[in-house]
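J.: One file: final-v2.cif (mmCIF, C-alpha atoms).
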data_final
loop_
_atom_site.group_PDB
_atom_site.id
_atom_site.type_symbol
_atom_site.label_atom_id
_atom_site.label_comp_id
_atom_site.auth_asym_id
_atom_site.auth_seq_id
_atom_site.Cartn_x
_atom_site.Cartn_y
_atom_site.Cartn_z
ATOM 1 C CA MET A 1 6.540 1.479 18.077
ATOM 2 C CA ILE A 2 5.057 -1.797 19.280
ATOM 3 C CA ARG A 3 6.787 -4.681 17.552
ATOM 4 C CA ALA A 4 4.257 -7.285 16.592
ATOM 5 C CA LYS A 5 6.643 -10.205 16.940
ATOM 6 C CA SER A 6 10.318 -11.088 16.795
ATOM 7 C CA MET A 7 11.471 -10.260 13.308
ATOM 8 C CA ALA A 8 14.896 -11.802 12.888
ATOM 9 C CA GLU A 9 14.025 -12.582 9.297
ATOM 10 C CA LYS A 10 10.566 -11.184 8.540
ATOM 11 C CA SER A 11 9.423 -7.571 8.369
ATOM 12 C CA ALA A 12 8.617 -5.760 11.604
ATOM 13 C CA PHE A 13 5.556 -4.375 9.841
ATOM 14 C CA VAL A 14 3.692 -7.627 9.185
ATOM 15 C CA VAL A 15 1.792 -9.927 11.525
ATOM 16 C CA SER A 16 0.782 -13.534 11.078
ATOM 17 C CA ALA A 17 -2.758 -14.879 11.023
ATOM 18 C CA ASP A 18 -2.041 -16.719 14.277
ATOM 19 C CA TRP A 19 -0.907 -13.480 15.927
ATOM 20 C CA LEU A 20 -4.044 -11.660 14.844
ATOM 21 C CA GLN A 21 -6.517 -14.437 15.661
ATOM 22 C CA GLU A 22 -5.148 -14.666 19.214
ATOM 23 C CA ARG A 23 -5.775 -10.936 19.754
ATOM 24 C CA ILE A 24 -9.185 -10.380 18.141
ATOM 25 C CA GLY A 25 -11.324 -8.450 20.610
ATOM 26 C CA ASN A 26 -8.403 -6.886 22.466
ATOM 27 C CA THR A 27 -8.881 -3.274 23.522
ATOM 28 C CA GLY A 28 -7.067 -0.906 21.198
ATOM 29 C CA LEU A 29 -6.789 -3.390 18.309
ATOM 30 C CA LYS A 30 -8.430 -2.166 15.110
ATOM 31 C CA ILE A 31 -8.684 -4.416 12.048
ATOM 32 C CA VAL A 32 -9.083 -2.804 8.635
ATOM 33 C CA ASP A 33 -10.183 -4.443 5.379
ATOM 34 C CA ALA A 34 -8.375 -2.400 2.729
ATOM 35 C CA SER A 35 -9.184 -4.576 -0.272
ATOM 36 C CA TRP A 36 -9.403 -2.931 -3.681
ATOM 37 C CA TYR A 37 -9.323 -4.479 -7.145
ATOM 38 C CA LEU A 38 -8.685 -3.519 -10.733
ATOM 39 C CA PRO A 39 -11.732 -3.947 -13.011
ATOM 40 C CA ALA A 40 -9.974 -6.793 -14.832
ATOM 41 C CA GLN A 41 -9.839 -8.794 -11.604
ATOM 42 C CA GLY A 42 -13.624 -9.068 -11.526
ATOM 43 C CA ARG A 43 -13.889 -8.675 -7.752
ATOM 44 C CA ASN A 44 -15.924 -6.146 -5.766
ATOM 45 C CA ALA A 45 -14.173 -5.316 -2.517
ATOM 46 C CA ARG A 46 -17.147 -3.883 -0.650
ATOM 47 C CA SER A 47 -19.451 -6.727 -1.650
ATOM 48 C CA GLU A 48 -16.865 -9.254 -0.531
ATOM 49 C CA TYR A 49 -16.506 -7.443 2.790
ATOM 50 C CA GLU A 50 -20.259 -7.521 3.334
ATOM 51 C CA SER A 51 -20.392 -11.245 2.555
ATOM 52 C CA GLY A 52 -17.615 -12.073 4.989
ATOM 53 C CA HIS A 53 -14.715 -10.482 6.860
ATOM 54 C CA ILE A 54 -12.537 -10.905 9.945
ATOM 55 C CA LEU A 55 -14.439 -10.325 13.173
ATOM 56 C CA GLY A 56 -14.381 -6.638 14.065
ATOM 57 C CA ALA A 57 -12.919 -5.479 10.763
ATOM 58 C CA VAL A 58 -14.068 -2.184 9.279
ATOM 59 C CA PHE A 59 -14.024 -1.466 5.550
ATOM 60 C CA PHE A 60 -11.603 1.196 4.311
ATOM 61 C CA ASP A 61 -12.824 2.312 0.889
ATOM 62 C CA GLN A 62 -9.801 3.413 -1.111
ATOM 63 C CA ASP A 63 -12.057 5.165 -3.599
ATOM 64 C CA VAL A 64 -13.652 7.246 -0.821
ATOM 65 C CA VAL A 65 -10.808 8.125 1.548
ATOM 66 C CA VAL A 66 -9.194 10.415 -1.014
ATOM 67 C CA ASP A 67 -8.551 14.093 -1.634
ATOM 68 C CA PRO A 68 -11.958 15.377 -2.814
ATOM 69 C CA ASP A 69 -10.329 18.269 -4.659
ATOM 70 C CA MET A 70 -8.082 16.114 -6.855
ATOM 71 C CA ASP A 71 -9.172 14.447 -10.080
ATOM 72 C CA LEU A 72 -6.553 11.692 -9.797
ATOM 73 C CA PRO A 73 -7.583 8.249 -8.499
ATOM 74 C CA HIS A 74 -6.625 7.463 -4.903
ATOM 75 C CA ALA A 75 -5.114 10.894 -4.265
ATOM 76 C CA LEU A 76 -3.880 11.109 -0.678
ATOM 77 C CA PRO A 77 -6.247 13.336 1.341
ATOM 78 C CA GLY A 78 -5.002 16.093 3.584
ATOM 79 C CA PRO A 79 -4.521 15.372 7.290
ATOM 80 C CA GLU A 80 -7.813 16.896 8.390
ATOM 81 C CA HIS A 81 -9.864 14.991 5.842
ATOM 82 C CA PHE A 82 -8.033 11.727 6.556
ATOM 83 C CA ALA A 83 -8.490 12.147 10.297
ATOM 84 C CA GLY A 84 -12.219 12.723 9.873
ATOM 85 C CA GLN A 85 -12.643 9.662 7.692
ATOM 86 C CA VAL A 86 -10.719 7.201 9.867
ATOM 87 C CA SER A 87 -12.094 8.590 13.122
ATOM 88 C CA GLY A 88 -15.486 7.791 11.634
ATOM 89 C CA LEU A 89 -14.325 4.185 11.328
ATOM 90 C CA GLY A 90 -13.655 4.105 15.061
ATOM 91 C CA ILE A 91 -9.876 4.362 14.743
ATOM 92 C CA SER A 92 -7.661 6.452 17.029
ATOM 93 C CA THR A 93 -4.054 7.482 16.542
ATOM 94 C CA ASP A 94 -2.543 5.170 19.145
ATOM 95 C CA ASP A 95 -4.535 2.065 18.262
ATOM 96 C CA THR A 96 -2.726 -1.024 17.038
ATOM 97 C CA ILE A 97 -3.983 -1.135 13.453
ATOM 98 C CA VAL A 98 -3.830 -4.299 11.352
ATOM 99 C CA VAL A 99 -4.648 -3.875 7.675
ATOM 100 C CA TYR A 100 -5.473 -6.692 5.258
ATOM 101 C CA ASP A 101 -6.623 -7.235 1.674
ATOM 102 C CA GLY A 102 -7.905 -10.227 -0.288
ATOM 103 C CA PRO A 103 -4.810 -11.815 -1.885
ATOM 104 C CA GLY A 104 -2.301 -10.386 0.582
ATOM 105 C CA MET A 105 0.420 -7.779 -0.107
ATOM 106 C CA PHE A 106 -1.578 -6.124 -2.845
ATOM 107 C CA THR A 107 -3.546 -3.080 -1.657
ATOM 108 C CA ALA A 108 -3.280 -3.296 2.153
ATOM 109 C CA PRO A 109 0.242 -1.796 2.162
ATOM 110 C CA ARG A 110 -1.186 1.377 0.602
ATOM 111 C CA VAL A 111 -3.407 1.901 3.650
ATOM 112 C CA TRP A 112 -0.500 0.921 5.926
ATOM 113 C CA TRP A 113 1.469 3.697 4.211
ATOM 114 C CA MET A 114 -1.393 6.200 4.562
ATOM 115 C CA PHE A 115 -1.740 5.589 8.289
ATOM 116 C CA ARG A 116 2.008 5.745 8.790
ATOM 117 C CA ALA A 117 2.301 8.904 6.692
ATOM 118 C CA MET A 118 -0.374 10.500 8.864
ATOM 119 C CA GLY A 119 1.497 9.736 12.076
ATOM 120 C CA ALA A 120 0.032 6.456 13.369
ATOM 121 C CA PRO A 121 2.859 4.613 15.171
ATOM 122 C CA ASN A 122 1.497 1.060 15.363
ATOM 123 C CA VAL A 123 0.353 -0.144 11.939
ATOM 124 C CA PHE A 124 0.846 -3.623 10.483
ATOM 125 C CA VAL A 125 -0.155 -5.659 7.436
ATOM 126 C CA LEU A 126 -1.650 -9.138 7.743
ATOM 127 C CA ASP A 127 0.551 -11.719 6.042
ATOM 128 C CA GLY A 128 -1.346 -13.979 3.659
ATOM 129 C CA GLY A 129 -4.426 -11.789 3.323
ATOM 130 C CA PHE A 130 -8.075 -12.660 3.768
ATOM 131 C CA ASP A 131 -8.113 -15.298 1.015
ATOM 132 C CA ARG A 132 -5.585 -17.340 3.010
ATOM 133 C CA TRP A 133 -7.461 -16.595 6.236
ATOM 134 C CA LYS A 134 -10.605 -18.172 4.776
ATOM 135 C CA ALA A 135 -8.750 -21.077 3.165
ATOM 136 C CA ASP A 136 -7.272 -21.949 6.550
ATOM 137 C CA GLY A 137 -10.756 -22.141 8.066
ATOM 138 C CA ARG A 138 -10.286 -19.191 10.402
ATOM 139 C CA PRO A 139 -13.413 -17.430 11.768
ATOM 140 C CA VAL A 140 -15.329 -15.169 9.392
ATOM 141 C CA THR A 141 -18.395 -13.037 10.061
ATOM 142 C CA THR A 142 -20.928 -10.993 8.110
ATOM 143 C CA GLU A 143 -21.668 -8.835 11.162
ATOM 144 C CA ILE A 144 -20.860 -5.173 10.562
ATOM 145 C CA PRO A 145 -19.144 -3.903 13.717
ATOM 146 C CA GLU A 146 -20.565 -1.071 15.791
ATOM 147 C CA TYR A 147 -17.987 1.267 17.246
ATOM 148 C CA ALA A 148 -17.660 4.606 18.943
ATOM 149 C CA ARG A 149 -16.067 7.388 16.925
ATOM 150 C CA GLY A 150 -12.304 7.338 17.225
ATOM 151 C CA THR A 151 -9.917 10.196 17.878
ATOM 152 C CA PHE A 152 -7.341 10.237 15.117
ATOM 153 C CA LYS A 153 -5.032 13.249 15.117
ATOM 154 C CA ALA A 154 -3.268 13.250 11.764
ATOM 155 C CA VAL A 155 0.098 14.928 11.344
ATOM 156 C CA PHE A 156 1.544 14.370 7.884
ATOM 157 C CA ARG A 157 5.144 13.257 7.860
ATOM 158 C CA ASP A 158 7.162 15.417 5.500
ATOM 159 C CA GLY A 159 9.044 13.488 2.853
ATOM 160 C CA TRP A 160 6.732 10.476 2.682
ATOM 161 C CA ALA A 161 5.133 11.475 -0.633
ATOM 162 C CA ALA A 162 6.584 12.760 -3.892
ATOM 163 C CA ASP A 163 4.756 15.107 -6.246
ATOM 164 C CA LEU A 164 5.069 15.542 -10.004
ATOM 165 C CA GLU A 165 7.703 18.255 -9.698
ATOM 166 C CA ARG A 166 9.902 16.063 -7.538
ATOM 167 C CA VAL A 167 9.655 13.066 -9.880
ATOM 168 C CA LEU A 168 10.380 15.238 -12.922
ATOM 169 C CA GLU A 169 13.506 16.440 -11.154
ATOM 170 C CA VAL A 170 14.616 12.905 -10.336
ATOM 171 C CA ALA A 171 13.879 11.615 -13.833
ATOM 172 C CA GLY A 172 16.073 14.387 -15.163
ATOM 173 C CA ASN A 173 19.059 14.208 -12.838
ATOM 174 C CA GLY A 174 18.974 10.695 -11.366
ATOM 175 C CA SER A 175 19.232 11.954 -7.790
ATOM 176 C CA SER A 176 16.977 9.141 -6.600
ATOM 177 C CA GLN A 177 16.059 5.700 -7.854
ATOM 178 C CA ILE A 178 12.566 5.063 -9.220
ATOM 179 C CA ALA A 179 10.926 1.686 -8.581
ATOM 180 C CA ASP A 180 7.773 0.897 -10.592
ATOM 181 C CA ALA A 181 5.398 -1.784 -9.262
ATOM 182 C CA ARG A 182 3.371 -2.282 -12.459
ATOM 183 C CA SER A 183 3.512 -5.488 -14.469
ATOM 184 C CA PRO A 184 6.477 -5.978 -16.836
ATOM 185 C CA GLY A 185 4.261 -5.537 -19.901
ATOM 186 C CA ARG A 186 2.875 -2.227 -18.707
ATOM 187 C CA PHE A 187 6.354 -1.087 -17.692
ATOM 188 C CA THR A 188 7.848 -1.751 -21.122
ATOM 189 C CA GLY A 189 4.768 -0.472 -22.933
ATOM 190 C CA ASP A 190 4.048 -3.829 -24.569
ATOM 191 C CA GLU A 191 0.681 -4.010 -22.777
ATOM 192 C CA PRO A 192 -1.949 -1.249 -22.800
ATOM 193 C CA GLU A 193 -2.770 0.683 -19.666
ATOM 194 C CA PRO A 194 -6.110 -0.221 -18.047
ATOM 195 C CA ARG A 195 -7.129 3.434 -17.897
ATOM 196 C CA GLU A 196 -8.093 5.204 -21.100
ATOM 197 C CA GLY A 197 -5.926 8.038 -22.343
ATOM 198 C CA MET A 198 -2.730 6.761 -20.771
ATOM 199 C CA ARG A 199 0.496 6.610 -22.729
ATOM 200 C CA CYS A 200 2.436 3.383 -22.346
ATOM 201 C CA GLY A 201 5.925 2.902 -20.951
ATOM 202 C CA HIS A 202 7.757 4.183 -17.900
ATOM 203 C CA MET A 203 9.693 7.121 -16.475
ATOM 204 C CA PRO A 204 13.325 7.613 -17.524
ATOM 205 C CA GLY A 205 15.639 5.739 -15.197
ATOM 206 C CA ALA A 206 12.890 3.675 -13.572
ATOM 207 C CA ARG A 207 13.367 0.026 -12.702
ATOM 208 C CA ASN A 208 10.575 -2.538 -12.697
ATOM 209 C CA VAL A 209 9.734 -4.243 -9.399
ATOM 210 C CA PRO A 210 6.405 -5.988 -10.118
ATOM 211 C CA VAL A 211 4.204 -5.917 -7.043
ATOM 212 C CA PHE A 212 3.857 -9.681 -6.661
ATOM 213 C CA SER A 213 7.627 -10.221 -6.954
ATOM 214 C CA LEU A 214 7.903 -9.094 -3.316
ATOM 215 C CA SER A 215 5.563 -11.702 -1.871
ATOM 216 C CA GLN A 216 4.919 -15.422 -2.040
ATOM 217 C CA ASP A 217 1.463 -16.905 -1.489
ATOM 218 C CA GLY A 218 0.317 -13.544 -0.173
ATOM 219 C CA GLU A 219 3.093 -13.260 2.402
ATOM 220 C CA LEU A 220 5.821 -10.638 2.270
ATOM 221 C CA LYS A 221 9.150 -12.280 1.508
ATOM 222 C CA SER A 222 11.863 -12.591 4.148
ATOM 223 C CA LEU A 223 14.201 -9.647 4.558
ATOM 224 C CA GLU A 224 16.959 -11.538 2.777
ATOM 225 C CA ASP A 225 14.700 -12.327 -0.182
ATOM 226 C CA LEU A 226 13.319 -8.785 -0.311
ATOM 227 C CA ARG A 227 16.836 -7.424 -0.577
ATOM 228 C CA ALA A 228 17.726 -9.930 -3.288
ATOM 229 C CA THR A 229 14.579 -9.172 -5.292
ATOM 230 C CA LEU A 230 15.198 -5.428 -5.197
ATOM 231 C CA GLU A 231 18.857 -5.790 -6.127
ATOM 232 C CA GLU A 232 17.996 -8.126 -8.999
ATOM 233 C CA ALA A 233 15.623 -5.456 -10.314
ATOM 234 C CA GLY A 234 18.456 -2.906 -10.225
ATOM 235 C CA ILE A 235 17.403 -1.121 -7.027
ATOM 236 C CA ASP A 236 19.898 -0.416 -4.249
ATOM 237 C CA PRO A 237 17.823 -1.146 -1.105
ATOM 238 C CA ASN A 238 19.982 1.263 0.910
ATOM 239 C CA GLY A 239 19.720 4.228 -1.456
ATOM 240 C CA PRO A 240 16.978 6.831 -1.944
ATOM 241 C CA VAL A 241 13.960 5.452 -3.811
ATOM 242 C CA ILE A 242 10.747 6.890 -5.208
ATOM 243 C CA THR A 243 8.067 4.217 -5.589
ATOM 244 C CA THR A 244 5.365 4.385 -8.234
ATOM 245 C CA CYS A 245 2.710 2.250 -9.958
ATOM 246 C CA GLY A 246 -0.588 2.863 -11.750
ATOM 247 C CA SER A 247 -2.388 5.032 -9.214
ATOM 248 C CA GLY A 248 -0.209 4.998 -6.096
ATOM 249 C CA VAL A 249 -1.664 1.851 -4.518
ATOM 250 C CA THR A 250 0.654 -1.091 -5.239
ATOM 251 C CA ALA A 251 3.716 1.187 -5.088
ATOM 252 C CA ALA A 252 3.256 0.956 -1.327
ATOM 253 C CA VAL A 253 4.296 -2.710 -1.399
ATOM 254 C CA ILE A 254 7.753 -1.583 -2.522
ATOM 255 C CA THR A 255 7.672 1.124 0.146
ATOM 256 C CA LEU A 256 6.804 -1.507 2.751
ATOM 257 C CA ALA A 257 9.685 -3.688 1.571
ATOM 258 C CA LEU A 258 12.151 -0.807 1.776
ATOM 259 C CA HIS A 259 11.017 0.253 5.253
ATOM 260 C CA SER A 260 11.226 -3.384 6.323
ATOM 261 C CA LEU A 261 14.886 -3.301 5.303
ATOM 262 C CA GLY A 262 15.447 -0.142 7.341
ATOM 263 C CA ASN A 263 15.397 2.294 4.414
ATOM 264 C CA GLU A 264 13.282 5.340 5.271
ATOM 265 C CA ASP A 265 14.766 7.458 2.478
ATOM 266 C CA THR A 266 11.832 6.612 0.250
ATOM 267 C CA GLN A 267 8.883 8.551 -1.124
ATOM 268 C CA LEU A 268 5.717 7.289 -2.782
ATOM 269 C CA TYR A 269 4.698 9.133 -5.957
ATOM 270 C CA ASP A 270 1.011 9.554 -5.245
ATOM 271 C CA GLY A 271 0.016 10.582 -8.775
ATOM 272 C CA SER A 272 1.939 7.677 -10.295
ATOM 273 C CA TRP A 273 1.207 6.665 -13.900
ATOM 274 C CA SER A 274 -2.356 8.016 -13.715
ATOM 275 C CA GLU A 275 -0.802 11.467 -13.626
ATOM 276 C CA TRP A 276 2.462 10.915 -15.502
ATOM 277 C CA GLY A 277 1.011 8.857 -18.356
ATOM 278 C CA ALA A 278 -1.972 11.155 -18.891
ATOM 279 C CA ARG A 279 0.156 14.237 -19.487
ATOM 280 C CA LYS A 280 1.798 15.209 -22.764
ATOM 281 C CA ASP A 281 4.777 17.008 -21.232
ATOM 282 C CA THR A 282 6.337 14.169 -19.222
ATOM 283 C CA PRO A 283 9.092 11.999 -20.725
ATOM 284 C CA VAL A 284 8.193 8.372 -21.406
ATOM 285 C CA VAL A 285 10.501 5.459 -22.197
ATOM 286 C CA THR A 286 9.427 2.147 -23.717
ATOM 287 C CA GLY A 287 11.156 -1.213 -23.735
ATOM 288 C CA GLU A 288 13.759 -2.299 -21.187
ATOM 289 C CA GLU A 289 16.660 -0.060 -20.295
#
Translate this structure into structure tokens?
T.:
Amino acid sequence: MIRAKSMAEKSAFVVSADWLQERIGNTGLKIVDASWYLPAQGRNARSEYESGHILGAVFFDQDVVVDPDMDLPHALPGPEHFAGQVSGLGISTDDTIVVYDGPGMFTAPRVWWMFRAMGAPNVFVLDGGFDRWKADGRPVTTEIPEYARGTFKAVFRDGWAADLERVLEVAGNGSSQIADARSPGRFTGDEPEPREGMRCGHMPGARNVPVFSLSQDGELKSLEDLRATLEEAGIDPNGPVITTCGSGVTAAVITLALHSLGNEDTQLYDGSWSEWGARKDTPVVTGEE
């Protein structure tokens, strides 16, 4: 894997705005806007992309690049479908892929995880996000890039995703930790879920690692601070972990943090609370354990 920069303290999977700006236009560099927002945030990712984005960036629609046969939001597509979608964005397997979102460390790590799960070796997340990029006065364009079709050959990496059966097993026997990226209120059940029909609470044995606890001003925390944040939440950063959230998007920030610390014994529960909370046969716990 190409290392983006010396990472004595920061993650090997993030790049700085300076690093990216210096390389815009380089052959083999593909920039991906992976912004996505909850309805309550009042932001439209595609509209924002069309009104301004980093030069050369393509828009990765997280509501479109999904498994068409699943009725769960953001369901991970199969390798063939994923390859077709991203090849259509001009991306090839061996490209150096830099993914960003608006606020930074919110939804971009989900697409980082998808590319990595499908076998791409050189994938990074932009520290600080596009909001910081604009605030710093870096170049922005409304030009939609033209690109030749890429050649992405997807090979799904076994063990990167957890299904309902696996999480039920873990919730019953504690053979893996469960880290939940939702807000504290949603985790305890004190706040309603944004999707209708969802029960409130969390999975038995889960620990709450709110998504924004792992970043500061849109930048992923240092390795030392990531470890401390996870441990404070009751997660052993060296042990097996299943990550989860509302629909499998922000869980990837925890996954990114764990991989940054060298822990590859982690799976992302793709169905997350959209699946677990909608069922009547899955155990739910409220309050703080």
J.: Could you give me, as an mmCIF file with C-alpha atoms, in the frame of the given file, the residues within 6 Å of range 99-114 of chain A, counting all atoms listed in the file and dropping anything in the same chain fewer than 2 positions from it?
T.:
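Below is the file around.cif, written as the result:
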data_model
loop_
_atom_site.group_PDB
_atom_site.id
_atom_site.type_symbol
_atom_site.label_atom_id
_atom_site.label_comp_id
_atom_site.auth_asym_id
_atom_site.auth_seq_id
_atom_site.Cartn_x
_atom_site.Cartn_y
_atom_site.Cartn_z
ATOM 1 C CA ILE A 31 -8.684 -4.416 12.048
ATOM 2 C CA VAL A 32 -9.083 -2.804 8.635
ATOM 3 C CA ASP A 33 -10.183 -4.443 5.379
ATOM 4 C CA ALA A 34 -8.375 -2.400 2.729
ATOM 5 C CA SER A 35 -9.184 -4.576 -0.272
ATOM 6 C CA ARG A 116 2.008 5.745 8.790
ATOM 7 C CA ALA A 117 2.301 8.904 6.692
ATOM 8 C CA VAL A 125 -0.155 -5.659 7.436
ATOM 9 C CA LEU A 126 -1.650 -9.138 7.743
ATOM 10 C CA GLY A 128 -1.346 -13.979 3.659
ATOM 11 C CA GLY A 129 -4.426 -11.789 3.323
ATOM 12 C CA PHE A 130 -8.075 -12.660 3.768
ATOM 13 C CA ASP A 131 -8.113 -15.298 1.015
ATOM 14 C CA GLY A 218 0.317 -13.544 -0.173
ATOM 15 C CA VAL A 249 -1.664 1.851 -4.518
ATOM 16 C CA THR A 250 0.654 -1.091 -5.239
ATOM 17 C CA ALA A 252 3.256 0.956 -1.327
ATOM 18 C CA VAL A 253 4.296 -2.710 -1.399
#
J.: When the PyMOL selection byres ((chain A and resi 171-186) around 6) is applied to the file above, which residues end up in the set, as a PyMOL selection string?
T.: chain A and resi 167-170+187-191+204+206-211+240-245+251
J.: Once the PyMOL selection byres ((chain A and resi 267) around 8) is applied to the coordinates I shared, what remains selected? I want it as a list in words.
T.: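 Those residues are Gly159, Trp160, Ala161, Ala162, Val241, Ile242, Thr243, Thr255, Asp265, Thr266, Leu268 and Tyr269 of chain A.
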J.: For the atom pair CA of Met198 in chain A and CA of Asp270 in chain A, what is the interatomic distance in Å to one decimal place?
T.: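 The value is 16.2 Å.
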J.: Hey, can you check how far CA of Glu193 in chain A sits from CA of Gln62 in chain A?
T.: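 Spanning CA of Glu193 in chain A to CA of Gln62 in chain A is a straight-line distance of 20.0 Å.
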J.: Would you work out the distance separating CA of Ile144 in chain A from CA of Asn26 in chain A, expressed in Å to one decimal?
T.: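 Spanning CA of Ile144 in chain A to CA of Asn26 in chain A is a straight-line distance of 17.3 Å.
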J.: When distances are computed from only C-alpha atoms, which of A:Pro121, A:Pro283, A:Pro73, A:Gly28 shows the smallest separation from Met203 in chain A?
T.: A:Pro283
J.: Extract, using all atoms listed in the file, all DNA, RNA and protein residues at most 9 Å from Leu258 in chain A, discarding same-chain residues fewer than 2 positions from it, and format them as a PyMOL selection string.
T.: chain A and resi 226-227+230+237-238+241+253-256+260-266
J.: Check the smallest atom-to-atom distance from each of A:Ala40, A:Val66, A:Leu55, A:Ala148 to Gly88 in chain A using all atoms listed in the file, then report the winner.
T.: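 Under the stated criterion, the closest residue is A:Ala148.
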J.: Could you check which of A:Ser92, A:Gln216, A:Gln21, A:Ser11 is closest to Phe115 in chain A, using all atoms listed in the file?
T.: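 The answer is A:Ser92, which sits nearest to Phe115 in chain A.
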J.: Please provide as a list of chain:residue names all residues within 10 Å of Glu9 in chain A, with the sequence filter that same-chain residues fewer than 4 positions apart are discarded (counting all atoms listed in the file).
T.: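 Selected residues are A:Lys221, A:Ser222, A:Leu223, A:Glu224, A:Asp225.
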J.: Write the residues of the selection above to a file with C-alpha atoms, as a PDB file, keeping the file's coordinate frame.
T.:
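Once written, part_25.pdb looks like this:
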ATOM      1  CA  LYS A 221       9.150 -12.280   1.508  1.00  0.00           C
ATOM      2  CA  SER A 222      11.863 -12.591   4.148  1.00  0.00           C
ATOM      3  CA  LEU A 223      14.201  -9.647   4.558  1.00  0.00           C
ATOM      4  CA  GLU A 224      16.959 -11.538   2.777  1.00  0.00           C
ATOM      5  CA  ASP A 225      14.700 -12.327  -0.182  1.00  0.00           C
TER       6      ASP A 225
END
